[in-house]
Amino acid sequence: MKQQLQTLLATHVARMIDRGELPLAEPPAYVIEPPRNPEHGDLSTNLAMVLAKPCRKSPLELARTIVAALEVPDFVERIAVAPPGFINFTLKSGALLDVIADIVDADARYGETTQGAGSYVQIEFVSANPTGPLHVGHGRGAAYGSALTRLLRATGARVHAEYYVNDAGRQMDILALSVWLRYLQMHGMRVDLPDNAYRGEYIRDIAAALAARDGDRHLVMPALPDAGENDDAEARLDAAIAICRSSLGEERYRAVHAWACTSILDGIRDDLAAFGVEFDQWYSERSLSDTGRIAAALDRLRAHGHVYVKDGAQWFASSAFGDEKDRVVIRENGAATYFASDIAYHAEKFERGYTRVLDIWGADHHGYIPRVKAALAALGEDPARLEILLVQFAALYRGGERVQMSTRSGEFVTLRELLDEVGTDAARFFYIMRRSDQHLDFDLDLAKSQSQDNPVYYLQYAHARICSIFRQAGQVDDTQLRQGVAARARLVEKREQALAALLGRLPDVVASAARDREPHQLANYLREVAVEFHAYYNAHKILTPEPGLRAARLALCAAVRIVLANGLRLLGVSAPTEM
RNA sequence: GCGCUCGUAGCUCAGAUGGAUAGAGUACUGCCCUCCGAAGGCAGGGGUCACAGGUUCGAAUCCUGUCGAGCGCGCCA
């Protein structure tokens, strides 16, 4: 109905433009949406007010002119003009209830649209360094990216979800060193772990598993440097890595390195699977250099004249493309920087032919955006095709105090711990119910000990309650459900009309949440549906003795259940039939 | 210092490409199970939308400034 009104108004406006009644070449941007106050009708448009300025007429007068020339569709009860110039449509009550038939017909597919059809989207998220288990900070990006993937697919888009694995670089060397030192300790050697190495308990587990697999094959006396040799802790760490490499030899070092990496990656995969997050591809950073993609990307930049040498290093002239300064891509020691990998990775993404590339990053990386966009521009690509979505890290609170987290020190709450405590459903919903680009205070005590208060239970309860009603009602087969749908005109109560109107919004909400990259819009909407349903349930008896009314109400309940189930599924939250 | 993101009820947050009387959860108070699930419902108080200007029919929303908060500014990843 909304769409019919949209086309009606659109053709009307087009006609006015053709006749020269409007001093415009293109139709203006107006909206048609349900007004906040239901007393103003079922749908409302600001068309006249938007036209007022270019027409130099009063919006009220303009609205009257438009309405007078508008033919009233058969599903509209009346059209009213209200100050300062709204045009309000009140639908016939039967028309509002038609959505129940649509919902029951579409069933699991209700909420899907075609606005994203033909688009091919790549979405990269989480991409946490495999140097330790995922913690609760990563959970937010995981929940967000996963929900967004589902939302985009619901609009008909093809979506390729990807995890970029940082399996190269210094962090991984530190990890390998940390595992090796624990391994040595396990074999009775008296070696110390540097403070800035990875000290989490999981390092011991990996070392133990390495010992179980390889025995004492990596048992070599290291020559660790004295603490006093160098004042800089990071430099001492690099020296330790060098000693680790030379002590083990390249082959054994690679074995330890690979073991550490895959061990942690396996854990991350398991955690994400338990969290309901799936990827189509795990893209290895190491593969970029192995396949020569980094060199190729830098060659492309060089060919365009955007790379120069200074102080022995190679620089990309990113400041010519809006970045605040130029960036090193090849260090003086000949090693490529992380940024160089990222250039190659994004160049490769663009070559794959996506209509849209989405990166979901922690907000602390926001300063990184200009240089990546600059690189794409320098490569001759359109940076606007890359959309970088920032997720603020959740600030953790325990006992009213902020929890400081550090992967290296091993002091953090893992995603796995969170899932064990509150479950996947509560955790996912907790993350998604707020805008992801805003700071989030994650109260662990609340999430863990008082999980009853978590809003997700409110939604799931509504779903379970409906399922319970159907159990009470006995066998309601497809034929009976259709009879109830056919009898929907019996639903004359205000709450029934309001509920039906609300259910009709799901496709719009899904489309809007996908378009704005804001899954929380759907979470808020579902809460509204649950509120409306619980209120309805308390006000009116569903299972009345009167068969026709009872069937109609059951049909409405079935529609609510479908909306809740579909919406929750898009957020990655289960819809239990009983709790 | 520069840049990015913000500032809405006691607390945590919504507010749909600017719309009609700014909402919810929570907390507090009082009601509602002989009746389909009380993990629920109903009712109540609580606001100078940080502050000051500007844009226009209309601003929490857009622009400028001030104050305040978080984050970022490496040949780290």
# chains A, B, ... in the order shown; residues from 1 in each chain; ligands from 1

$ closest_atom_pairs --of "chain B" --to "chain A" --cutoff "7 Å" --atoms "only C-alpha atoms (C1' of nucleotides)" --output "CSV"
residue,atom,partner,partner_atom,distance
B:C4,C1',A:His366,CA,6.6
B:C36,C1',A:Ile469,CA,5.8
B:G37,C1',A:Arg465,CA,6.0
B:A39,C1',A:Tyr457,CA,6.5
B:G40,C1',A:His534,CA,6.7
B:G41,C1',A:Asn538,CA,5.7
B:C71,C1',A:Asp364,CA,5.5
B:G72,C1',A:Gly367,CA,5.1
B:C75,C1',A:Arg331,CA,4.7
B:A77,C1',A:Gln171,CA,6.4

$ select_by_dssp --residues "segment 392-571 of chain A" --states "alpha helix (DSSP H)" --output "PyMOL selection string"
chain A and resi 415-432+444-449+455-472+478-486+494-503+506-515+520-539+547-571

$ residues_around --residues "G65 of chain B" --least-positions-apart "5" --cutoff "12 Å" --atoms "only C-alpha atoms (C1' of nucleotides)" --output "list in words"
C51, A52, G53 and G54 of chain B

$ write_last_selection --atoms "N, CA, C and O atoms (P, O5', C5', C4', C3', O3' and C1' of nucleotides)" --output "CSV table (one decimal), in the first residue's frame"
chain,number,residue,atom,x,y,z
B,51,C,P,22.1,23.1,26.7
B,51,C,O5',23.1,24.3,26.6
B,51,C,C5',23.6,24.9,27.7
B,51,C,C4',24.6,26.0,27.4
B,51,C,C3',24.2,26.9,26.3
B,51,C,O3',23.4,28.0,26.8
B,51,C,C1',26.3,26.2,25.8
B,52,A,P,22.2,28.6,25.8
B,52,A,O5',23.1,29.5,24.8
B,52,A,C5',24.0,30.5,25.3
B,52,A,C4',24.7,31.2,24.2
B,52,A,C3',23.9,31.5,23.0
B,52,A,O3',23.1,32.7,23.1
B,52,A,C1',25.9,30.5,22.3
B,53,G,P,21.9,33.0,22.1
B,53,G,O5',22.7,33.6,20.9
B,53,G,C5',22.2,33.6,19.6
B,53,G,C4',23.3,33.7,18.6
B,53,G,C3',22.9,33.5,17.1
B,53,G,O3',22.3,34.6,16.5
B,53,G,C1',24.8,32.2,17.6
B,54,G,P,20.9,34.5,15.8
B,54,G,O5',21.3,33.7,14.4
B,54,G,C5',22.3,34.3,13.6
B,54,G,C4',22.8,33.3,12.6
B,54,G,C3',21.7,32.8,11.7
B,54,G,O3',21.3,33.7,10.6
B,54,G,C1',23.1,31.0,12.4

$ select_by_dssp --residues "segment 104-199 of chain A" --states "strand (DSSP E or B)" --output "number ranges by chain"
A: 120-124, 135, 158-165

$ write_last_selection --atoms "N, CA and C atoms" --output "PDB file, in the first residue's frame"
ATOM      1  N   TYR A 120      27.022  -6.492  -5.552  1.00  0.00           N
ATOM      2  CA  TYR A 120      27.930  -7.551  -5.133  1.00  0.00           C
ATOM      3  C   TYR A 120      28.885  -6.925  -4.130  1.00  0.00           C
ATOM      4  N   VAL A 121      28.708  -7.293  -2.883  1.00  0.00           N
ATOM      5  CA  VAL A 121      29.385  -6.595  -1.794  1.00  0.00           C
ATOM      6  C   VAL A 121      30.419  -7.488  -1.123  1.00  0.00           C
ATOM      7  N   GLN A 122      31.587  -6.939  -0.909  1.00  0.00           N
ATOM      8  CA  GLN A 122      32.592  -7.629  -0.114  1.00  0.00           C
ATOM      9  C   GLN A 122      32.596  -6.975   1.251  1.00  0.00           C
ATOM     10  N   ILE A 123      32.579  -7.783   2.288  1.00  0.00           N
ATOM     11  CA  ILE A 123      32.573  -7.217   3.630  1.00  0.00           C
ATOM     12  C   ILE A 123      33.636  -7.919   4.465  1.00  0.00           C
ATOM     13  N   GLU A 124      34.529  -7.119   5.014  1.00  0.00           N
ATOM     14  CA  GLU A 124      35.611  -7.675   5.821  1.00  0.00           C
ATOM     15  C   GLU A 124      35.442  -7.216   7.252  1.00  0.00           C
ATOM     16  N   HIS A 135      38.673 -11.354  22.218  1.00  0.00           N
ATOM     17  CA  HIS A 135      38.122 -10.881  23.482  1.00  0.00           C
ATOM     18  C   HIS A 135      36.802 -10.161  23.224  1.00  0.00           C
ATOM     19  N   ARG A 158      24.410  -9.861  -3.249  1.00  0.00           N
ATOM     20  CA  ARG A 158      25.364 -10.957  -3.110  1.00  0.00           C
ATOM     21  C   ARG A 158      26.453 -10.463  -2.185  1.00  0.00           C
ATOM     22  N   VAL A 159      26.778 -11.205  -1.164  1.00  0.00           N
ATOM     23  CA  VAL A 159      27.748 -10.727  -0.175  1.00  0.00           C
ATOM     24  C   VAL A 159      28.844 -11.763   0.063  1.00  0.00           C
ATOM     25  N   HIS A 160      30.071 -11.278   0.021  1.00  0.00           N
ATOM     26  CA  HIS A 160      31.223 -12.132   0.283  1.00  0.00           C
ATOM     27  C   HIS A 160      31.859 -11.667   1.588  1.00  0.00           C
ATOM     28  N   ALA A 161      31.756 -12.494   2.623  1.00  0.00           N
ATOM     29  CA  ALA A 161      32.271 -12.118   3.943  1.00  0.00           C
ATOM     30  C   ALA A 161      33.682 -12.662   4.130  1.00  0.00           C
ATOM     31  N   GLU A 162      34.557 -11.821   4.617  1.00  0.00           N
ATOM     32  CA  GLU A 162      35.968 -12.183   4.630  1.00  0.00           C
ATOM     33  C   GLU A 162      36.661 -11.770   5.934  1.00  0.00           C
ATOM     34  N   TYR A 163      37.603 -12.590   6.360  1.00  0.00           N
ATOM     35  CA  TYR A 163      38.427 -12.311   7.538  1.00  0.00           C
ATOM     36  C   TYR A 163      39.862 -12.195   7.044  1.00  0.00           C
ATOM     37  N   TYR A 164      40.474 -11.073   7.280  1.00  0.00           N
ATOM     38  CA  TYR A 164      41.854 -10.844   6.858  1.00  0.00           C
ATOM     39  C   TYR A 164      42.776 -11.312   7.973  1.00  0.00           C
ATOM     40  N   VAL A 165      43.582 -12.309   7.676  1.00  0.00           N
ATOM     41  CA  VAL A 165      44.417 -12.922   8.699  1.00  0.00           C
ATOM     42  C   VAL A 165      45.808 -12.299   8.675  1.00  0.00           C
TER      43      VAL A 165
END

$ atom_distance --atom1 "atom CA of His306 of chain A" --atom2 "atom CA of Ala384 of chain A"
20.0 Å

$ atom_distance --atom1 "atom CA of Val13 of chain A" --atom2 "atom CA of Ala69 of chain A"
10.7 Å

$ residues_around --residues "Ala555 of chain A" --least-positions-apart "5" --cutoff "7 Å" --atoms "only C-alpha atoms (C1' of nucleotides)" --output "number ranges by chain"
A: 481, 484-485

$ closest_residue --among "A:Pro383, A:Gly215, A:Gly504, A:Pro130" --to "Tyr183 of chain A" --atoms "only C-alpha atoms"
A:Gly215

$ closest_residue --among "A:Gly141, A:Gly548, A:Gly249, A:Gly572" --to "Thr424 of chain A" --atoms "only C-alpha atoms"
A:Gly572
